[in-house]
Amino acid sequence: MGKIKVIFSSALTNTTNGEKEVYIEASSVQEALEKLVLKYGNDFKERIFESEKKLRRFINVYVNRRDIRFLKGPESSVKSGDEVTLLPAVSGGGD
Amino acid sequence: MTRIKALKCRECGKEYPAKKIYYCQECFAPLEVIYNYDKIEINPKELNNRPKNLWRYFELFPINDEKKIVDLGAGFTNLHKCDELSKKIGIKDLYVKNDTTNPTYSFKDRPASIAVTKALEFGSDGVGCVSTGNLAAATAAHAAKAGLKCGIFIPNNIEANKIIQSSIYGARLVSINGTYDDANRLALQASEIYDWPIVNVNLRPYYAEGSKSLAYETCEQLDWDVPDHVVVPTASGALLCAIDRGFNDFKKLDFIENKNVKISAAQPEGCSPIVQSYKAGRNEITPVEYPDTVAKSLAIGDPGDGIYALKTIDETKGFAESATDAEIIDAIKLLAKTEGIFSEPAGSVTIAVLKKMVEQGDISPDEKVVCYVTGSGFKSIEAIKGLTPELIQIDREIETLTSIIS
């Protein structure tokens, strides 16, 4: 378990007491998110999770700028010094 | 009650005032513009008196102030009847919507024209985009015309001409060491920190509306008929969904008969997440981390509208198919040699995929088909390097020519 930095999209800051980033101890993304739910409460939980443990489809989570879908999803491990970023998934528009 | 009703969440349906927001504050899903159709006063007969560009459909775009329009003449491109190509492919009634002739040589002038106009309406003094190259040029040119500053995020592997073209309009380009999706993430973070209006990030609901004009024009140019089937080059899926909305707009307004138009997606094999999901029968998208294709305009591994594109394909009974780089290059040559249209790889992927779908029996020879060819070949010269034949070099005497001919 290590100290990681979590960065929030501005879409989430009204559920994080205005905090744009926070440092927490965790060994996986899932654990980090669970700790954030404990810290910020139900509003935060409902914004992030569609159901128990299932992340909303339109939230992307990155570990050190790599989408966790290319890692092990929420089970992806994190270590001290890692950066976890939560962003809306809807943007872009090339064709 | 106004013509532009609201922005509506595409998942939970929650409505928001039409401001500079792009995702639902409840569930993060994308927003789309909805209209009060009974407030849209547009008469198809009267369209003949309007300018031959996309702004002839002003009432169907999310713009309030006509005086703010930023117009370089995008749209109303030729609906090209493909007499020769149709024989080669085996479709009797085949058309190409030739968007290589737009002001910056791609269909992206359509959404850029709407989005830059919207940025002016919001009072912005600058505008930006994330781009694989075509949107970069389109946004930069429209920003120049509007007198707005322009900043652009691009991945580090796009074609030289697209960079040169965007720069000449005065835009500042930031090349990201990564993929389009990396550039996209960075642009999103920048838009949050600096509140920059980025056309395909926080202006996305408005931006996406511009591409509806491809469907409007198709109907008008077919004398208010509709095609049976359209083939759309697909990266994020935004274009495919916009074309569907365009046909639906005209149905709601009774401009065309209420007939289904099959909408099929064409993707390059090296970046085909929508095709992969379609073929596997999934309604979710598995993103591609490292796209690898000659069709760089379509190298978007995590398609923002992917799930909606899948839904549209399913609902309209279309298909999703991919083509290899070799098939795409062959299609560039075929389209050029049969119809005189020089397409970039992202445009000719529709021809390659159409050919495949006809061979597979997905499209019947009797269907009226429109392929959307969305960008000029001059933008992607790298793709066809090595294909040009050696020049015949001669001295300037007629005898030399004669000796060669004999």
# chains A, B, ... in the order shown; residues from 1 in each chain; ligands from 1
$ closest_atom_pairs --of "chain A" --to "chain B" --cutoff "9 Å" --atoms "only C-alpha atoms" --output "Markdown table"
| residue | atom | partner | partner_atom | distance |
| --- | --- | --- | --- | --- |
| A:Ser9 | CA | B:Glu192 | CA | 7.5 |
| A:Ser10 | CA | B:Glu192 | CA | 6.5 |
| A:Ala11 | CA | B:Gln25 | CA | 6.8 |
| A:Leu12 | CA | B:Gln25 | CA | 8.8 |
| A:Glu46 | CA | B:Cys27 | CA | 8.6 |
| A:Arg47 | CA | B:Cys27 | CA | 6.4 |
| A:Ile48 | CA | B:Cys27 | CA | 8.2 |
| A:Glu50 | CA | B:Cys27 | CA | 8.4 |
| A:Arg56 | CA | B:Cys27 | CA | 7.4 |
| A:Arg57 | CA | B:Ala29 | CA | 8.0 |
| A:Phe58 | CA | B:Phe28 | CA | 5.4 |
| A:Ile59 | CA | B:Phe28 | CA | 6.8 |
| A:Arg65 | CA | B:Asp182 | CA | 7.9 |
| A:Arg66 | CA | B:Asp182 | CA | 8.6 |
| A:Asp67 | CA | B:Glu289 | CA | 8.7 |
| A:Arg69 | CA | B:Pro287 | CA | 7.9 |
| A:Phe70 | CA | B:Glu289 | CA | 6.9 |
| A:Leu87 | CA | B:Gln189 | CA | 8.1 |
| A:Pro88 | CA | B:Phe28 | CA | 6.0 |
| A:Ala89 | CA | B:Gly304 | CA | 7.1 |
| A:Val90 | CA | B:Gly304 | CA | 5.4 |
| A:Ser91 | CA | B:Val201 | CA | 4.8 |
| A:Gly92 | CA | B:Asn200 | CA | 5.2 |
| A:Gly93 | CA | B:Ser236 | CA | 5.3 |
| A:Gly94 | CA | B:Ser236 | CA | 5.7 |
| A:Asp95 | CA | B:Ala235 | CA | 4.4 |
$ select_by_dssp --residues "segment 20-72 of chain B" --states "helix (DSSP H, G or I)" --output "list in words"
Tyr37, Asp38, Lys39, Pro44, Lys45, Glu46, Leu47, Asn48, Asn49, Leu54, Trp55, Arg56, Tyr57, Phe58, Glu59, Leu60, Glu66, Lys67 and Lys68 of chain B
$ select_by_dssp --residues "segment 22-52 of chain A" --states "strand (DSSP E)" --output "tab-separated table (two decimals) with C-alpha atoms, in the first residue's frame"
chain	number	residue	atom	x	y	z
A	22	VAL	CA	-6.48	14.39	-2.58
A	23	TYR	CA	-3.77	12.02	-1.29
A	24	ILE	CA	-4.84	8.64	0.05
A	25	GLU	CA	-3.32	5.26	0.88
A	26	ALA	CA	-4.39	2.40	-1.41
A	49	PHE	CA	-20.89	4.06	-9.17
A	50	GLU	CA	-23.83	2.85	-11.23
A	51	SER	CA	-24.43	0.02	-8.77
$ atom_distance --atom1 "atom CA of Ile341 of chain B" --atom2 "atom CA of Ile89 of chain B"
15.9 Å
$ residues_around --residues "Lys355 of chain B" --least-positions-apart "3" --cutoff "9 Å" --atoms "only C-alpha atoms" --output "PyMOL selection string"
chain B and resi 88-90+331+350-352+358-360
$ closest_residue --among "B:Asp330, B:Glu344, B:Glu66, B:Glu220" --to "Gly375 of chain B" --atoms "only C-alpha atoms"
B:Glu344
$ residues_around --residues "Gln30 of chain A" --least-positions-apart "4" --cutoff "9 Å" --atoms "only C-alpha atoms" --output "PyMOL selection string"
chain A and resi 26+34-35+53+73-77
$ residues_around --residues "Asp254 of chain B" --least-positions-apart "2" --cutoff "12 Å" --atoms "only C-alpha atoms" --output "list of chain:residue names"
B:Tyr37, B:Asp38, B:Ile42, B:Asn43, B:Pro44, B:Cys219, B:Trp224, B:Asp225, B:Phe247, B:Asn248, B:Asp249, B:Phe250, B:Lys251, B:Lys252, B:Ile256, B:Glu257, B:Asn258, B:Lys259
$ residues_around --residues "Phe76 of chain B" --least-positions-apart "4" --cutoff "8 Å" --atoms "only C-alpha atoms" --output "list of chain:residue names"
B:Lys52, B:Asn53, B:Leu54, B:Glu217
$ atom_distance --atom1 "atom CA of Arg172 of chain B" --atom2 "atom CA of Asn64 of chain A"
26.6 Å
$ residues_around --residues "Asn17 of chain A" --least-positions-apart "6" --cutoff "12 Å" --atoms "only C-alpha atoms" --output "list of chain:residue names"
A:Phe8, A:Ser10, A:Leu36, A:Lys39, A:Tyr40, A:Gly41, A:Asp43, A:Phe44
